[in-house]
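Structure file structure-v1.txt (compact mmCIF, C-alpha atoms) follows.
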```txt
# COMPACT_ATOMS: atom_id res chain seq x y z
CA MET A 1 0.00 0.00 0.00
CA LYS A 2 2.74 2.40 1.03
CA GLU A 3 4.84 1.24 -1.91
CA ASN A 4 1.96 2.06 -4.26
CA GLU A 5 1.56 5.44 -2.64
CA ASN A 6 5.27 6.10 -3.10
CA ASN A 7 5.08 4.94 -6.69
CA LEU A 8 2.20 7.30 -7.30
CA GLU A 9 4.05 10.18 -5.72
CA ASN A 10 7.16 9.35 -7.70
CA ALA A 11 5.14 9.17 -10.88
CA VAL A 12 3.58 12.55 -10.18
CA GLU A 13 6.99 13.98 -9.46
CA ALA A 14 8.39 12.43 -12.64
CA LEU A 15 5.57 13.84 -14.73
CA LYS A 16 5.79 17.21 -13.06
CA ASN A 17 9.54 17.61 -13.11
CA GLY A 18 10.22 16.00 -16.48
CA GLN A 19 12.09 18.21 -18.88
CA ILE A 20 9.78 20.00 -21.25
CA PRO A 21 11.15 21.40 -24.51
CA PRO A 22 10.71 25.16 -24.78
CA GLY A 23 7.58 26.12 -26.57
CA PRO A 24 5.40 27.04 -28.20
CA SER A 25 7.37 27.73 -31.35
CA LYS A 26 6.72 30.92 -33.27
CA ASP A 27 5.17 28.96 -36.14
CA LEU A 28 2.77 27.29 -33.77
CA ALA A 29 1.85 30.62 -32.21
CA ASP A 30 1.28 32.17 -35.65
CA SER A 31 -0.75 29.28 -36.92
CA THR A 32 -2.81 29.32 -33.73
CA LEU A 33 -3.40 33.04 -34.16
CA ALA A 34 -4.44 32.50 -37.78
CA LYS A 35 -6.84 29.76 -36.75
CA LEU A 36 -8.27 31.98 -34.05
CA ASN A 37 -8.86 34.75 -36.58
CA GLN A 38 -10.49 32.26 -38.93
CA VAL A 39 -12.77 30.90 -36.21
CA SER A 40 -13.58 34.44 -35.09
CA GLU A 41 -14.55 35.44 -38.64
CA GLN A 42 -16.67 32.35 -39.03
CA SER A 43 -18.50 33.11 -35.83
CA ASP A 44 -18.98 36.72 -36.98
CA THR A 45 -20.47 35.46 -40.26
CA LYS A 46 -22.71 33.14 -38.32
CA ASN A 47 -23.84 36.03 -36.18
CA SER A 48 -24.63 38.18 -39.25
CA ASN A 49 -26.55 35.24 -40.78
CA LYS A 50 -28.45 34.92 -37.57
CA GLN A 51 -29.31 38.63 -37.71
CA VAL A 52 -30.64 38.26 -41.29
CA VAL A 53 -32.80 35.34 -40.26
CA LEU A 54 -34.04 37.33 -37.27
CA SER A 55 -35.01 40.35 -39.43
CA LYS A 56 -36.93 38.03 -41.79
CA ARG A 57 -38.71 36.54 -38.84
CA PHE A 58 -39.59 40.01 -37.54
CA LYS A 59 -41.10 40.92 -40.95
CA LEU A 60 -43.15 37.75 -40.96
CA ILE A 61 -44.39 38.49 -37.45
CA ASN A 62 -45.30 42.05 -38.53
CA VAL A 63 -47.43 40.79 -41.47
CA SER A 64 -49.11 38.27 -39.17
CA PHE A 65 -49.98 41.06 -36.72
CA LYS A 66 -51.54 43.15 -39.49
CA ALA A 67 -53.64 40.21 -40.70
CA ALA A 68 -54.81 39.51 -37.17
CA ALA A 69 -55.77 43.18 -36.66
CA ALA A 70 -57.83 43.13 -39.89
CA VAL A 71 -59.66 39.99 -38.80
CA ILE A 72 -60.45 41.54 -35.39
CA PHE A 73 -61.77 44.70 -37.09
CA LEU A 74 -64.06 42.67 -39.36
CA ILE A 75 -65.46 40.70 -36.40
CA ALA A 76 -66.13 43.93 -34.45
CA VAL A 77 -67.98 45.48 -37.44
CA GLY A 78 -70.12 42.34 -37.85
CA TYR A 79 -71.00 42.28 -34.15
CA THR A 80 -72.05 45.96 -34.20
CA ALA A 81 -74.22 45.44 -37.28
CA GLY A 82 -75.89 42.45 -35.64
CA ARG A 83 -76.61 44.43 -32.48
CA ILE A 84 -78.14 47.30 -34.46
CA SER A 85 -80.35 45.06 -36.59
CA ALA A 86 -81.58 42.91 -33.65
CA PRO A 87 -85.35 43.20 -32.50
CA LYS A 88 -86.08 45.36 -29.45
CA PRO A 89 -86.35 43.53 -26.11
CA MET A 90 -89.64 43.44 -24.09
CA ASP A 91 -90.41 46.21 -21.58
CA MET A 92 -89.37 44.61 -18.34
CA GLU A 93 -90.79 47.34 -16.08
CA GLN A 94 -94.38 46.82 -17.27
CA ILE A 95 -94.13 43.09 -16.74
CA GLN A 96 -92.67 43.73 -13.31
CA ILE A 97 -95.50 46.10 -12.32
CA ALA A 98 -98.15 43.64 -13.50
CA LEU A 99 -96.71 40.62 -11.75
CA GLU A 100 -95.30 42.11 -8.57
CA PRO A 101 -98.50 42.35 -6.36
CA ALA A 102 -99.64 38.83 -7.16
CA ILE A 103 -96.21 37.39 -6.55
CA ARG A 104 -95.81 39.35 -3.34
CA GLU A 105 -99.20 38.17 -1.99
CA LYS A 106 -98.41 34.58 -2.85
CA VAL A 107 -94.98 34.74 -1.29
CA LEU A 108 -96.41 36.38 1.85
CA GLU A 109 -98.97 33.65 2.27
CA GLU A 110 -96.42 30.93 1.82
CA VAL A 111 -93.98 32.57 4.18
CA THR A 112 -96.69 33.05 6.84
CA GLN A 113 -97.77 29.45 6.56
CA TYR A 114 -94.22 28.24 6.69
CA VAL A 115 -93.41 30.41 9.69
CA GLN A 116 -96.51 29.29 11.61
CA LEU A 117 -95.78 25.65 11.00
CA GLY A 118 -92.21 26.22 11.90
CA LEU A 119 -93.13 28.09 15.09
CA ALA A 120 -95.65 25.45 16.18
CA GLY A 121 -93.15 22.68 15.71
CA GLY A 122 -90.34 24.73 17.10
CA TYR A 123 -92.16 25.78 20.28
CA VAL A 124 -92.38 22.25 21.70
CA GLN A 125 -88.86 21.49 20.66
CA ILE A 126 -87.53 24.72 22.13
CA LYS A 127 -89.45 24.11 25.37
CA GLN A 128 -88.03 20.63 25.67
CA GLU A 129 -84.56 21.84 24.85
CA LEU A 130 -84.83 24.65 27.36
CA THR A 131 -86.00 22.23 30.05
CA GLU A 132 -83.13 19.91 29.33
CA GLN A 133 -80.75 22.79 29.27
CA TYR A 134 -82.14 24.08 32.61
CA GLN A 135 -81.78 20.65 34.22
CA GLN A 136 -78.33 20.29 32.83
CA ASP A 137 -77.36 23.70 34.20
CA LEU A 138 -78.81 22.82 37.60
CA ARG A 139 -76.88 19.57 37.69
CA GLU A 140 -73.71 21.32 36.74
CA ALA A 141 -74.31 24.06 39.33
CA ALA A 142 -75.00 21.45 42.05
CA VAL A 143 -71.88 19.55 41.17
CA GLU A 144 -69.90 22.76 41.16
CA ILE A 145 -71.32 23.86 44.52
CA LEU A 146 -70.60 20.47 46.07
CA THR A 147 -67.09 20.55 44.74
CA THR A 148 -66.52 24.09 45.94
CA SER A 149 -68.02 23.46 49.39
CA GLY A 150 -65.96 20.29 49.77
CA THR A 151 -62.86 22.21 48.86
CA ILE A 152 -63.69 25.04 51.25
CA THR A 153 -64.55 22.58 54.07
CA ASN A 154 -61.27 20.78 53.53
CA GLN A 155 -59.47 24.09 53.58
CA LEU A 156 -61.20 25.13 56.82
CA LEU A 157 -60.46 21.77 58.43
CA GLN A 158 -56.86 22.05 57.44
CA ASP A 159 -56.76 25.56 58.93
CA LEU A 160 -58.35 24.27 62.15
CA ILE A 161 -55.90 21.39 62.40
CA TYR A 162 -53.10 23.75 61.83
CA SER A 163 -54.27 26.20 64.50
CA ILE A 164 -54.80 23.34 67.02
CA GLU A 165 -51.35 22.02 66.29
CA THR A 166 -49.93 25.50 66.67
CA ALA A 167 -51.69 26.00 70.03
CA GLN A 168 -50.51 22.61 71.25
CA PHE A 169 -47.03 23.40 70.19
CA GLN A 170 -47.12 26.71 72.00
CA ASP A 171 -48.50 25.02 75.17
CA ARG A 172 -45.74 22.47 75.03
CA GLN A 173 -43.20 25.20 74.60
CA TRP A 174 -44.56 27.07 77.60
CA THR A 175 -44.64 23.90 79.72
CA VAL A 176 -41.08 23.12 78.78
CA ALA A 177 -40.04 26.68 79.57
CA ALA A 178 -41.81 26.51 82.99
CA LEU A 179 -40.19 23.18 83.80
CA GLU A 180 -36.82 24.55 82.82
CA GLN A 181 -37.39 27.57 85.06
CA ILE A 182 -38.46 25.34 87.98
CA GLU A 183 -35.40 23.19 87.48
CA LEU A 184 -33.17 26.25 87.41
CA ASN A 185 -34.79 27.56 90.58
CA ARG A 186 -34.39 24.18 92.26
CA LEU A 187 -30.75 24.02 91.35
CA GLU A 188 -30.24 27.55 92.59
CA ASP A 189 -32.04 26.79 95.86
CA LYS A 190 -30.02 23.63 96.25
CA GLY A 191 -26.83 25.60 95.82
CA ARG A 192 -27.89 28.20 98.30
CA PHE A 193 -29.02 25.57 100.76
CA GLY A 194 -25.67 23.82 100.50
CA ASN A 195 -23.82 27.05 101.04
CA SER A 196 -25.96 27.84 104.07
CA LEU A 197 -25.32 24.38 105.47
CA PHE A 198 -21.61 24.85 105.01
CA THR A 199 -21.79 28.25 106.72
CA LEU A 200 -23.88 26.79 109.54
CA ALA A 201 -21.48 23.92 109.96
CA ALA A 202 -18.55 26.31 110.09
CA GLN A 203 -20.30 28.51 112.57
CA THR A 204 -21.26 25.49 114.68
CA VAL A 205 -17.65 24.33 114.78
CA GLN A 206 -16.55 27.83 115.69
CA THR A 207 -19.19 28.08 118.43
CA GLU A 208 -18.12 24.75 119.77
CA GLU A 209 -14.52 25.84 119.87
CA GLU A 210 -15.51 29.10 121.55
CA LEU A 211 -17.58 27.16 124.06
CA ASN A 212 -14.67 24.90 124.88
CA ARG A 213 -12.41 27.91 125.15
CA THR A 214 -14.92 29.64 127.41
CA GLN A 215 -15.21 26.52 129.53
CA GLN A 216 -11.45 26.42 129.78
CA ASN A 217 -11.41 30.10 130.62
CA VAL A 218 -14.15 29.58 133.18
CA ALA A 219 -12.20 26.69 134.61
CA VAL A 220 -9.13 28.86 134.85
CA ILE A 221 -11.13 31.69 136.36
CA ALA A 222 -12.76 29.28 138.76
CA LYS A 223 -9.45 27.97 139.77
CA ILE A 224 -8.18 31.45 140.25
CA LEU A 225 -11.27 32.37 142.20
CA SER A 226 -11.09 29.28 144.27
CA ASP A 227 -7.79 30.43 145.30
CA THR A 228 -9.02 33.94 146.08
CA GLN A 229 -12.85 33.71 146.96
CA SER A 230 -15.36 31.44 148.55
CA ASP A 231 -16.94 28.42 146.93
CA ASP A 232 -20.48 29.92 146.70
CA PHE A 233 -19.30 32.92 144.94
CA ILE A 234 -17.49 30.71 142.44
CA GLN A 235 -20.57 28.57 141.97
CA ASP A 236 -22.67 31.65 141.14
CA GLU A 237 -20.08 32.90 138.68
CA ILE A 238 -20.06 29.57 136.88
CA GLU A 239 -23.84 29.58 136.55
CA ASN A 240 -23.84 33.14 135.26
CA SER A 241 -21.24 32.37 132.64
CA ASN A 242 -23.21 29.34 131.46
CA ASN A 243 -26.35 31.43 131.03
CA MET B 1 -18.51 41.31 -25.88
CA GLN B 2 -14.99 41.22 -24.47
CA VAL B 3 -12.31 42.52 -26.86
CA ILE B 4 -9.20 40.40 -26.56
CA ASP B 5 -5.83 40.69 -28.20
CA TRP B 6 -5.07 37.03 -28.79
CA GLN B 7 -1.54 37.74 -29.85
CA ILE B 8 -0.73 39.09 -26.40
CA ILE B 9 -2.60 36.29 -24.71
CA ILE B 10 -0.64 33.68 -26.67
CA LYS B 11 2.60 35.48 -25.95
CA GLU B 12 1.92 35.80 -22.24
CA HIS B 13 0.22 32.51 -21.47
CA GLY B 14 1.26 30.28 -24.36
CA HIS B 15 4.01 28.62 -22.38
CA VAL B 16 1.56 27.69 -19.60
CA VAL B 17 -0.66 25.90 -22.10
CA TRP B 18 2.34 24.29 -23.78
CA ASN B 19 3.82 23.02 -20.50
CA THR B 20 0.50 21.72 -19.23
CA ALA B 21 -0.24 19.85 -22.42
CA TYR B 22 3.29 18.54 -22.94
CA ARG B 23 3.47 17.25 -19.39
CA LEU B 24 0.46 15.04 -20.03
CA LEU B 25 0.98 14.14 -23.69
CA GLY B 26 4.72 13.80 -23.82
CA ASN B 27 5.24 14.60 -27.49
CA SER B 28 5.37 17.81 -29.48
CA ALA B 29 2.90 16.91 -32.24
CA ASP B 30 0.05 16.09 -29.90
CA THR B 31 0.98 19.04 -27.73
CA ALA B 32 0.78 21.39 -30.71
CA ASP B 33 -2.69 20.07 -31.59
CA CYS B 34 -3.74 20.45 -28.00
CA PHE B 35 -2.31 23.97 -27.94
CA GLN B 36 -4.41 25.07 -30.90
CA GLU B 37 -7.54 23.35 -29.63
CA THR B 38 -7.10 25.02 -26.25
CA PHE B 39 -6.96 28.51 -27.70
CA ILE B 40 -9.90 27.89 -30.04
CA CYS B 41 -11.88 26.62 -27.08
CA ALA B 42 -10.82 29.70 -25.08
CA LEU B 43 -12.06 31.93 -27.91
CA LYS B 44 -15.46 30.24 -27.79
CA VAL B 45 -15.57 30.64 -24.02
CA CYS B 46 -14.76 34.34 -24.41
CA GLN B 47 -17.62 34.75 -26.86
CA ARG B 48 -20.00 33.31 -24.28
CA GLN B 49 -18.77 34.96 -21.09
CA LYS B 50 -16.30 37.43 -19.66
CA VAL B 51 -13.01 35.88 -18.65
CA ARG B 52 -11.16 37.33 -15.64
CA ASN B 53 -8.38 34.81 -15.08
CA PHE B 54 -6.84 33.71 -18.37
CA PRO B 55 -4.04 31.53 -16.95
CA ALA B 56 -6.49 29.46 -14.92
CA LEU B 57 -8.91 29.14 -17.83
CA LEU B 58 -6.17 28.16 -20.25
CA THR B 59 -4.67 25.68 -17.79
CA ARG B 60 -8.03 24.07 -17.26
CA LEU B 61 -8.77 23.92 -20.98
CA ALA B 62 -5.31 22.60 -21.79
CA THR B 63 -5.66 19.91 -19.13
CA THR B 64 -9.08 18.92 -20.43
CA ARG B 65 -7.89 18.81 -24.05
CA ALA B 66 -4.78 16.87 -23.11
CA ILE B 67 -6.75 14.31 -21.12
CA ASP B 68 -9.16 13.97 -24.04
CA GLN B 69 -6.27 13.36 -26.34
CA LEU B 70 -4.78 10.83 -23.94
CA ARG B 71 -8.07 8.99 -23.79
CA ARG B 72 -8.37 8.98 -27.58
CA ARG B 73 -4.88 7.68 -27.81
CA PHE B 74 -5.49 4.83 -25.43
CA ARG B 75 -8.82 4.09 -27.01
CA ARG B 76 -6.95 3.41 -30.22
CA GLU B 77 -5.12 0.80 -28.16
CA GLN B 78 -1.73 2.31 -28.65
CA ASN B 79 -0.30 0.96 -25.51
CA SER B 80 3.09 2.46 -25.97
CA ILE B 81 3.35 6.14 -25.38
CA ILE B 82 5.52 7.87 -27.94
CA LEU B 83 7.94 9.93 -25.99
CA ASP B 84 9.94 12.69 -27.49
CA GLU B 85 13.62 12.81 -27.00
CA GLY B 86 12.95 15.92 -24.96
CA TYR B 87 10.80 14.07 -22.47
CA VAL B 88 13.51 12.88 -20.13
CA SER B 89 13.87 13.00 -16.44
CA SER B 90 16.08 15.66 -14.97
CA ASP B 91 17.97 12.93 -13.09
CA SER B 92 21.51 12.18 -14.32
CA ASP B 93 21.38 8.47 -13.40
CA PRO B 94 20.21 6.60 -16.57
CA ALA B 95 18.53 3.76 -14.60
CA LYS B 96 16.63 6.19 -12.50
CA CYS B 97 15.81 8.19 -15.60
CA VAL B 98 14.26 5.11 -17.24
CA GLN B 99 12.38 4.29 -14.07
CA GLN B 100 10.99 7.81 -13.93
CA GLN B 101 9.91 7.59 -17.55
CA GLU B 102 8.12 4.33 -16.87
CA LEU B 103 6.34 5.81 -13.89
CA ALA B 104 5.29 8.83 -15.94
CA VAL B 105 3.94 6.59 -18.71
CA ARG B 106 2.06 4.51 -16.16
CA LEU B 107 0.54 7.60 -14.68
CA GLN B 108 -0.51 8.82 -18.14
CA LYS B 109 -2.18 5.48 -18.83
CA ALA B 110 -3.92 5.52 -15.48
CA LEU B 111 -5.07 9.11 -15.98
CA ALA B 112 -6.51 8.20 -19.37
CA GLN B 113 -8.62 5.54 -17.70
CA LEU B 114 -10.00 7.83 -15.00
CA PRO B 115 -13.33 9.67 -15.35
CA LEU B 116 -12.77 13.08 -16.91
CA GLN B 117 -13.56 15.18 -13.83
CA GLU B 118 -11.35 13.13 -11.52
CA ALA B 119 -8.49 13.25 -14.02
CA GLN B 120 -8.92 17.01 -14.43
CA VAL B 121 -8.97 17.61 -10.69
CA PHE B 122 -5.92 15.41 -10.16
CA CYS B 123 -3.90 17.12 -12.91
CA LEU B 124 -4.88 20.64 -11.85
CA ARG B 125 -4.03 19.91 -8.23
CA TYR B 126 -0.84 17.90 -8.50
CA LEU B 127 0.62 18.96 -11.83
CA ASN B 128 -0.45 22.59 -11.89
CA ASP B 129 -0.55 23.23 -8.11
CA MET B 130 -3.95 24.91 -8.23
CA SER B 131 -5.82 25.47 -4.96
CA TYR B 132 -9.04 23.61 -4.24
CA ARG B 133 -11.00 26.84 -4.47
CA ARG B 134 -9.54 27.75 -7.85
CA ILE B 135 -10.19 24.25 -9.20
CA ALA B 136 -13.77 24.40 -7.93
CA LYS B 137 -14.27 27.77 -9.60
CA GLU B 138 -12.77 26.66 -12.88
CA LEU B 139 -14.69 23.39 -13.07
CA ASN B 140 -17.85 25.01 -11.70
CA ILE B 141 -18.20 22.51 -8.85
CA LYS B 142 -18.14 22.79 -5.05
CA THR B 143 -14.92 22.72 -3.07
CA GLY B 144 -16.07 19.56 -1.30
CA ALA B 145 -16.61 17.89 -4.64
CA VAL B 146 -13.02 18.73 -5.56
CA GLY B 147 -11.79 16.94 -2.44
CA VAL B 148 -14.00 13.92 -3.16
CA SER B 149 -12.88 13.73 -6.79
CA LEU B 150 -9.26 14.04 -5.76
CA HIS B 151 -9.62 11.28 -3.17
CA ARG B 152 -11.30 8.97 -5.67
CA ALA B 153 -8.70 9.72 -8.30
CA ARG B 154 -5.89 8.92 -5.88
CA GLU B 155 -7.56 5.68 -4.82
CA LYS B 156 -8.04 4.57 -8.41
CA LEU B 157 -4.52 5.52 -9.38
CA ARG B 158 -3.13 3.67 -6.39
CA LYS B 159 -5.13 0.57 -7.35
CA SER B 160 -3.97 0.93 -10.92
CA PHE B 161 -0.36 1.13 -9.77
CA SER B 162 -0.74 -1.88 -7.48
CA SER B 163 -2.27 -3.99 -10.27
CA LEU B 164 0.54 -3.00 -12.60
CA SER B 165 3.22 -3.84 -10.04
CA ASN B 166 1.57 -7.21 -9.34
CA GLN B 167 1.51 -7.91 -13.05
CA GLN B 168 5.19 -7.06 -13.30
CA LYS B 169 6.03 -9.26 -10.35
CA SER B 170 4.20 -12.23 -11.92
CA GLU B 171 6.02 -11.62 -15.19
CA VAL B 172 9.34 -11.62 -13.35
CA VAL B 173 8.45 -14.93 -11.59
CA LEU B 174 7.54 -16.57 -14.91
```
Rewritten as structure tokens:
Amino acid sequence: MKENENNLENAVEALKNGQIPPGPSKDLADSTLAKLNQVSEQSDTKNSNKQVVLSKRFKLINVSFKAAAAVIFLIAVGYTAGRISAPKPMDMEQIQIALEPAIREKVLEEVTQYVQLGLAGGYVQIKQELTEQYQQDLREAAVEILTTSGTITNQLLQDLIYSIETAQFQDRQWTVAALEQIELNRLEDKGRFGNSLFTLAAQTVQTEEELNRTQQNVAVIAKILSDTQSDDFIQDEIENSNN
Amino acid sequence: MQVIDWQIIIKEHGHVVWNTAYRLLGNSADTADCFQETFICALKVCQRQKVRNFPALLTRLATTRAIDQLRRRFRREQNSIILDEGYVSSDSDPAKCVQQQELAVRLQKALAQLPLQEAQVFCLRYLNDMSYRRIAKELNIKTGAVGVSLHRAREKLRKSFSSLSNQQKSEVVL
């Protein structure tokens, strides 16, 4: 395949790049020019011949037109003569005046009869149609009302459900908030209570220590007093300090 | 009608026509005939329409005439192309020169067997280096059609070359 492609390319190259003898020769150019002139003259002659043929054709067409115009003129003259020599037509107005009342009366009668028959037949039909139409309209209106009321009821119910759900939700929220507040209060109270207990415990310990110290002091004082005063006096002092 | 000085046209573009025709025909006598036919054809074209690009028109006409002549020649079953002494390869190696001549003759034969439009498109493109657009304009076809014709021509030429080489191989084996 590739070999063929190369061969083709080589062949093209060979054909393209092959040496070509210089040309055209002057003789060839001259003879070509002479032939061209000859052909050009021939075509000019042909054109002139064509023009002659065309002028002949135009003349022929001209004569034909003249003959056709003469024939048309003769036909027009004959038609005019025929029209002039034709008998006069009847007086249409007189005939119309004579026939018009009778025709009108007849037509009126027929129309009246036709209309009456038509009305009589049409009345029953129209009544029936109107009744049917009325019933049909009523049915349609009832259906429409039912549909509309159903839709409205559904809408109202949905609104009600929604408002109940909203109220319940709000109640729950409030309850939750109240419980949270109670819990917070409880925790706060618990804290305070604990703190108070701690304070109380501390104070109790302190009081106990003070009591012991006082007892010790009293004992010291009593000892001192026992050394200095009588036993009754000391007994009274002890009771006073305890109170 | 367009007024043309044919003497000037022949002087200016004669060599283009000569080269195009000689390249395809390979001998001076046929080329001279083709030369004259091309200019007569160009004259007729000028009588019908206004020509703007004479080199392109003349190249196209010369190619068409030359291909016609090639086809006539091969229709007469003259299998051997008569080559002038001037139709030689530019290569100095004699063996290569002969090979090139053979390839050129093969290509001429193959071109003569192609449909006219495909052969025209191939020659204008590869031998005259015309653009697709110019070829389309000259042959009055679409640019896409030029590509298609060129592709088909190449395929057919390639097949033609492969069949010839197979034939040669079988001859060598015998």
I need the chain A residues near chain B as an MDAnalysis selection string; criterion: at most 6 Å, counting only C-alpha atoms. chainID A and resid 4 11 14:16 18:19 21 32 36
Export C-alpha atoms of the chosen residues as a CSV table (one decimal), in the coordinates of the input?
```csv
chain,number,residue,atom,x,y,z
A,4,ASN,CA,2.0,2.1,-4.3
A,11,ALA,CA,5.1,9.2,-10.9
A,14,ALA,CA,8.4,12.4,-12.6
A,15,LEU,CA,5.6,13.8,-14.7
A,16,LYS,CA,5.8,17.2,-13.1
A,18,GLY,CA,10.2,16.0,-16.5
A,19,GLN,CA,12.1,18.2,-18.9
A,21,PRO,CA,11.2,21.4,-24.5
A,32,THR,CA,-2.8,29.3,-33.7
A,36,LEU,CA,-8.3,32.0,-34.0
```
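We find atom CA of Phe74 of chain B and atom CA of Glu118 of chain B to be spaced 17.2 Å apart.
The space separating atom CA of Lys26 of chain A from atom CA of Arg125 of chain B comes to 29.4 Å.
The space between atom CA of Gln125 of chain A and atom CA of Gln113 of chain A spans 18.5 Å.
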Within 8 Å of (-7.1, 10.2, -12.9) (coordinates as in the file), grab all the protein and nucleic acid residues, counting all atoms listed in the file, and write them out as a ChimeraX atom specification. /B:110-116,118-123,153-154,156-157
Write the selection just made, keeping C-alpha atoms, as a PDB file, in the coordinates of the input?
```pdb
ATOM      1  CA  ALA B 110      -3.920   5.520 -15.480  1.00  0.00           C
ATOM      2  CA  LEU B 111      -5.070   9.110 -15.980  1.00  0.00           C
ATOM      3  CA  ALA B 112      -6.510   8.200 -19.370  1.00  0.00           C
ATOM      4  CA  GLN B 113      -8.620   5.540 -17.700  1.00  0.00           C
ATOM      5  CA  LEU B 114     -10.000   7.830 -15.000  1.00  0.00           C
ATOM      6  CA  PRO B 115     -13.330   9.670 -15.350  1.00  0.00           C
ATOM      7  CA  LEU B 116     -12.770  13.080 -16.910  1.00  0.00           C
ATOM      8  CA  GLU B 118     -11.350  13.130 -11.520  1.00  0.00           C
ATOM      9  CA  ALA B 119      -8.490  13.250 -14.020  1.00  0.00           C
ATOM     10  CA  GLN B 120      -8.920  17.010 -14.430  1.00  0.00           C
ATOM     11  CA  VAL B 121      -8.970  17.610 -10.690  1.00  0.00           C
ATOM     12  CA  PHE B 122      -5.920  15.410 -10.160  1.00  0.00           C
ATOM     13  CA  CYS B 123      -3.900  17.120 -12.910  1.00  0.00           C
ATOM     14  CA  ALA B 153      -8.700   9.720  -8.300  1.00  0.00           C
ATOM     15  CA  ARG B 154      -5.890   8.920  -5.880  1.00  0.00           C
ATOM     16  CA  LYS B 156      -8.040   4.570  -8.410  1.00  0.00           C
ATOM     17  CA  LEU B 157      -4.520   5.520  -9.380  1.00  0.00           C
TER      18      LEU B 157
END
```
Would you mind telling me which residue in B:Arg52, B:Ile8, B:Arg152, B:Arg133 lies nearest to Asp30 of chain A when using all atoms listed in the file? B:Ile8
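Using all atoms listed in the file, the smallest distance between any of B:Ala29, B:Val45, B:Ala95, B:Val146 and Ala66 of chain B comes from B:Ala29.
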Name the residues, using the chain letters and numbers of the file, that sit within 9 Å of (-6.2, 27.5, -18.3) when counting only C-alpha atoms, and give them as an MDAnalysis selection string. chainID B and resid 13 16:17 20 38 42 53:63 138
